[in-house]
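Novice: Sharing my_file-v7.txt below, compact mmCIF, C-alpha atoms:
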# COMPACT_ATOMS: atom_id res chain seq x y z
CA MET A 1 0.88 -0.39 -58.20
CA ALA A 2 -2.23 0.70 -56.31
CA GLU A 3 -1.80 1.86 -52.75
CA PRO A 4 -2.59 -0.84 -50.23
CA THR A 5 -5.18 1.41 -48.63
CA SER A 6 -7.29 1.62 -51.77
CA THR A 7 -9.00 -0.87 -54.03
CA ALA A 8 -8.99 -0.88 -57.80
CA GLY A 9 -12.45 0.55 -58.28
CA GLY A 10 -13.55 1.17 -54.73
CA VAL A 11 -13.18 3.55 -51.84
CA SER A 12 -10.15 3.73 -49.58
CA LEU A 13 -10.30 3.04 -45.87
CA ALA A 14 -9.39 6.63 -45.11
CA ALA A 15 -12.09 7.96 -47.43
CA LEU A 16 -14.72 5.75 -45.76
CA ALA A 17 -13.70 6.93 -42.32
CA ILE A 18 -13.80 10.55 -43.44
CA ALA A 19 -17.24 10.03 -44.93
CA PHE A 20 -18.53 8.80 -41.56
CA LEU A 21 -16.49 10.89 -39.17
CA GLY A 22 -15.72 13.97 -41.18
CA PRO A 23 -12.37 15.51 -42.05
CA LEU A 24 -11.12 15.02 -38.50
CA ALA A 25 -11.36 11.22 -38.78
CA GLY A 26 -7.60 10.89 -38.51
CA PRO A 27 -7.25 13.03 -35.35
CA TYR A 28 -10.30 11.37 -33.75
CA ALA A 29 -8.86 7.93 -34.36
CA LEU A 30 -5.51 9.12 -33.08
CA ILE A 31 -7.04 10.42 -29.84
CA VAL A 32 -8.98 7.22 -29.23
CA PHE A 33 -6.06 4.91 -29.90
CA ALA A 34 -3.61 7.10 -27.98
CA ALA A 35 -6.01 7.01 -25.05
CA LEU A 36 -6.42 3.25 -25.39
CA SER A 37 -2.69 2.61 -25.49
CA GLY A 38 -2.19 4.81 -22.42
CA ALA A 39 -5.05 3.11 -20.60
CA LEU A 40 -3.26 -0.26 -20.92
CA TRP A 41 -0.89 0.85 -18.13
CA PRO A 42 -3.48 1.22 -15.35
CA LEU A 43 -4.87 -2.13 -16.48
CA SER A 44 -1.46 -3.73 -16.03
CA SER A 45 -1.04 -2.31 -12.54
CA ALA A 46 -4.53 -3.18 -11.33
CA GLU A 47 -5.24 -6.40 -9.46
CA PRO A 48 -6.10 -9.43 -11.65
CA MET A 49 -9.63 -9.23 -13.02
CA SER A 50 -11.92 -10.81 -15.58
CA ARG A 51 -11.73 -9.75 -19.22
CA LYS A 52 -15.11 -8.06 -18.86
CA ALA A 53 -13.91 -5.99 -15.91
CA GLY A 54 -10.68 -5.25 -17.78
CA ALA A 55 -12.59 -4.07 -20.83
CA TRP A 56 -14.74 -1.85 -18.60
CA LEU A 57 -11.64 -0.31 -17.00
CA LEU A 58 -10.11 0.34 -20.42
CA LEU A 59 -13.34 1.89 -21.65
CA ARG A 60 -13.60 4.20 -18.61
CA CYS A 61 -10.01 5.38 -18.91
CA THR A 62 -10.27 5.83 -22.67
CA LEU A 63 -13.52 7.80 -22.50
CA THR A 64 -12.16 10.01 -19.70
CA SER A 65 -9.12 10.71 -21.81
CA VAL A 66 -11.14 11.46 -24.94
CA ALA A 67 -13.40 13.81 -22.96
CA LEU A 68 -10.52 15.73 -21.37
CA THR A 69 -8.12 15.83 -24.32
CA GLY A 70 -9.96 18.56 -26.21
CA ALA A 71 -10.13 20.87 -23.22
CA LEU A 72 -6.51 20.36 -22.16
CA SER A 73 -5.19 20.71 -25.72
CA SER A 74 -7.11 23.98 -26.10
CA MET A 75 -5.59 25.18 -22.82
CA ALA A 76 -2.12 24.31 -24.10
CA GLN A 77 -2.83 26.26 -27.28
CA ALA A 78 -4.10 29.29 -25.35
CA GLN A 79 -1.33 29.18 -22.73
CA TRP A 80 1.75 28.20 -24.73
CA GLY A 81 0.73 28.73 -28.34
CA ILE A 82 1.11 25.03 -29.17
CA GLN A 83 -1.30 23.92 -31.88
CA ALA A 84 -4.02 21.77 -30.30
CA LEU A 85 -3.92 19.25 -33.17
CA ASP A 86 -0.23 18.65 -32.47
CA VAL A 87 -0.74 17.74 -28.83
CA PHE A 88 -3.92 15.65 -29.09
CA ALA A 89 -2.07 12.33 -29.16
CA PRO A 90 0.44 12.88 -26.32
CA VAL A 91 -2.19 14.56 -24.09
CA SER A 92 -4.64 11.74 -24.73
CA PHE A 93 -1.95 9.15 -24.06
CA VAL A 94 -0.91 10.69 -20.74
CA ILE A 95 -4.49 11.10 -19.53
CA GLY A 96 -5.23 7.48 -20.47
CA ALA A 97 -2.11 6.31 -18.65
CA LEU A 98 -3.19 8.12 -15.48
CA GLY A 99 -6.22 5.85 -15.42
CA ASN A 100 -8.06 6.03 -12.15
CA GLY A 101 -5.47 8.51 -10.94
CA TRP A 102 -7.84 11.31 -11.92
CA ARG A 103 -10.10 10.64 -8.96
CA PRO A 104 -7.67 12.00 -6.33
CA VAL A 105 -6.87 14.91 -8.67
CA PHE A 106 -10.55 15.87 -8.93
CA GLU A 107 -11.00 15.44 -5.18
CA SER A 108 -8.01 17.69 -4.47
CA VAL A 109 -9.26 20.34 -6.89
CA SER A 110 -12.76 20.23 -5.35
CA LYS A 111 -11.30 20.51 -1.88
CA ALA A 112 -9.09 23.44 -2.88
CA LEU A 113 -12.02 25.23 -4.54
CA GLY A 114 -14.19 24.62 -1.48
CA GLU A 115 -11.52 26.09 0.81
CA ALA A 116 -11.05 29.08 -1.49
CA PHE A 117 -14.80 29.77 -1.52
CA GLY A 118 -14.89 29.36 2.24
CA ARG A 119 -12.13 31.94 2.68
CA VAL A 120 -13.81 34.38 0.28
CA LEU A 121 -17.18 34.02 1.99
CA GLY A 122 -15.58 34.18 5.44
CA GLY A 123 -13.63 37.32 4.47
CA SER A 124 -16.67 39.10 3.08
CA LYS A 125 -18.64 38.79 6.36
CA MET B 1 -9.28 -3.17 -48.52
CA SER B 2 -6.19 -4.95 -49.85
CA PRO B 3 -5.11 -8.37 -48.51
CA LEU B 4 -1.90 -6.79 -47.16
CA LEU B 5 -3.85 -4.19 -45.21
CA LEU B 6 -6.31 -6.77 -43.92
CA ALA B 7 -3.48 -9.04 -42.78
CA HIS B 8 -1.77 -6.08 -41.12
CA GLU B 9 -4.89 -4.96 -39.22
CA LEU B 10 -5.64 -8.52 -38.15
CA ALA B 11 -2.10 -9.10 -36.86
CA CYS B 12 -2.15 -5.83 -34.89
CA ALA B 13 -5.59 -6.59 -33.45
CA ILE B 14 -4.42 -10.03 -32.29
CA LEU B 15 -1.31 -8.51 -30.70
CA LEU B 16 -3.42 -5.91 -28.88
CA TRP B 17 -5.82 -8.61 -27.71
CA GLY B 18 -2.88 -10.67 -26.44
CA VAL B 19 -1.57 -7.72 -24.44
CA PHE B 20 -5.06 -7.05 -23.04
CA CYS B 21 -5.52 -10.67 -21.94
CA ARG B 22 -2.13 -10.74 -20.25
CA PHE B 23 -2.76 -7.42 -18.51
CA THR B 24 -6.05 -8.67 -17.04
CA LYS B 25 -3.89 -11.22 -15.18
CA SER B 26 -1.18 -8.75 -14.28
CA SER B 27 -0.82 -6.93 -10.97
CA PRO B 28 1.61 -4.55 -9.20
CA ARG B 29 3.50 -7.70 -8.11
CA VAL B 30 4.67 -8.37 -11.66
CA LEU B 31 8.15 -7.17 -12.56
CA LEU B 32 8.06 -3.58 -13.81
CA SER B 33 10.24 -4.42 -16.81
CA VAL B 34 7.79 -7.11 -17.94
CA ARG B 35 4.80 -4.79 -17.65
CA LEU B 36 6.68 -2.05 -19.50
CA VAL B 37 7.64 -4.20 -22.49
CA PHE B 38 4.14 -5.58 -22.88
CA TRP B 39 2.83 -2.02 -22.63
CA MET B 40 5.25 -1.07 -25.42
CA LEU B 41 3.83 -3.91 -27.50
CA GLY B 42 0.31 -2.64 -26.84
CA ILE B 43 1.27 0.92 -27.80
CA ALA B 44 2.98 -0.27 -30.98
CA SER B 45 -0.10 -2.32 -31.88
CA CYS B 46 -2.41 0.68 -31.42
CA VAL B 47 -0.14 2.91 -33.51
CA ALA B 48 0.09 0.28 -36.21
CA ILE B 49 -3.69 -0.18 -36.32
CA ILE B 50 -4.38 3.47 -37.05
CA SER B 51 -1.32 4.27 -39.16
CA PRO B 52 -3.03 3.46 -42.48
CA LEU B 53 -5.96 5.71 -41.49
CA ALA B 54 -4.14 8.59 -39.83
CA TRP B 55 -1.06 8.79 -42.04
CA GLY B 56 -1.90 6.64 -45.06
CA ASP B 57 1.13 4.42 -44.44
CA ASP B 58 1.84 1.60 -46.87
CA ILE B 59 2.19 -1.95 -45.62
CA HIS B 60 5.51 -3.56 -46.46
CA PRO B 61 5.63 -7.37 -46.72
CA ALA B 62 8.71 -7.51 -44.47
CA SER B 63 6.91 -5.56 -41.73
CA LEU B 64 3.93 -7.82 -42.15
CA ALA B 65 6.10 -10.90 -41.75
CA LEU B 66 7.54 -9.47 -38.53
CA GLU B 67 4.05 -8.70 -37.20
CA TRP B 68 2.88 -12.24 -37.82
CA ALA B 69 6.05 -13.63 -36.26
CA PHE B 70 5.17 -11.68 -33.10
CA VAL B 71 1.63 -13.05 -33.30
CA ALA B 72 3.05 -16.57 -33.42
CA VAL B 73 5.22 -15.85 -30.37
CA GLN B 74 2.24 -14.50 -28.45
CA VAL B 75 -0.03 -17.39 -29.39
CA VAL B 76 2.53 -20.06 -28.49
CA THR B 77 3.53 -18.46 -25.18
CA ALA B 78 -0.11 -17.84 -24.20
CA GLN B 79 -0.27 -21.34 -22.75
CA HIS B 80 2.15 -20.28 -20.01
CA TRP B 81 -0.28 -17.56 -18.93
CA GLN B 82 -3.32 -19.77 -18.55
CA ARG B 83 -2.90 -20.05 -14.79
CA GLY B 84 -1.92 -16.43 -14.34
CA VAL B 85 1.35 -14.57 -14.73
CA PRO B 86 4.30 -16.97 -15.09
CA GLU B 87 6.26 -17.23 -11.86
CA GLN B 88 9.44 -15.94 -13.49
CA PHE B 89 7.72 -12.62 -14.17
CA VAL B 90 6.69 -12.05 -10.56
CA LYS B 91 8.77 -9.89 -8.22
CA PRO B 92 10.99 -12.07 -5.99
CA ALA B 93 9.28 -10.92 -2.79
CA HIS B 94 5.92 -12.12 -4.08
CA LYS B 95 6.89 -15.42 -5.67
CA PRO B 96 5.00 -18.45 -4.38
CA ARG B 97 7.24 -20.41 -2.02
CA ALA B 98 8.02 -24.04 -2.73
CA ARG B 99 6.71 -26.53 -0.21
CA ARG B 100 9.23 -28.43 1.89
CA LYS B 101 9.43 -32.17 1.48
CA SER B 102 8.50 -32.59 5.14
CA ASP B 103 5.27 -30.65 4.66
CA SER B 104 2.20 -32.79 4.60
CA LYS B 105 0.51 -32.84 1.23
CA GLU B 106 -2.87 -33.18 2.87
CA MET B 107 -4.52 -29.91 3.82
Turn the structure described in the file into structure tokens.

Specialist:
Amino acid sequence: MAEPTSTAGGVSLAALAIAFLGPLAGPYALIVFAALSGALWPLSSAEPMSRKAGAWLLLRCTLTSVALTGALSSMAQAQWGIQALDVFAPVSFVIGALGNGWRPVFESVSKALGEAFGRVLGGSK
Amino acid sequence: MSPLLLAHELACAILLWGVFCRFTKSSPRVLLSVRLVFWMLGIASCVAIISPLAWGDDIHPASLALEWAFVAVQVVTAQHWQRGVPEQFVKPAHKPRARRKSDSKEM
């Protein structure tokens, strides 16, 4: 019996995706859907909104997650020797679930960097 | 794309859409347990959508039947969400209070 993911004389879904996205089609899709599933949490804890606003929130959280996943997974590989491909999905999921929670993180990091620079510049005078 | 795969993807997409619609009406005042289980449903839907692509999983008719049973549950219960989150899912401290009989109905 033919596999459900392929047709009798045609191309399978996976093959089509690989043709468009390259050999990393599976991991890309995994990152996007892991991010999307994580991003559902900040949507659930936000105040009621229209579907359009909800879709925009999901998109923002998902894109943030997709953008940061590569960098964080590479850091995990460099720091702890964990293969980046193995941690794409959980990293993407967690970042998506943090949702808008990244804003205070970025603000804290910027503030800390600013203070560090201030101390360095103040010490060099 | 086989009929089984198409039916599977459609069922998962409908389930994800149902979770999304409910979450647009949700808030921090909804019971945590309710938000968590719907989140689980959303996660399971996302995993199921990509499983044929990422892992080449086969679709079993029994799993498909279960997916469509969940779709039926979501579709039928959607009517109770039309005016927002059902009262039973709201934290007790935030539930709308019933009016007393002595209260005037005119505003």

Novice: What separation in Å, quoted to one decimal, exists between atom CA of Gly56 of chain B and atom CA of Leu5 of chain B?

Specialist: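 Separation between atom CA of Gly56 of chain B and atom CA of Leu5 of chain B: 11.0 Å.
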
Novice: Set the cut-off to 7 Å and count all atoms listed in the file: what are the residues of chain B that reach chain A? Output as a VMD selection string.

Specialist: chain B and resid 1 to 2 4 to 5 21 23 to 28 35 39 42 to 43 46 50 52 to 54 58 to 59

Novice: At a cut-off of 6 Å, using all atoms listed in the file, what residues contact segment 80-94 of chain B? Leave out same-chain residues fewer than 4 positions from it and give the result as an MDAnalysis selection string.

Specialist: chainID B and resid 25 29:31
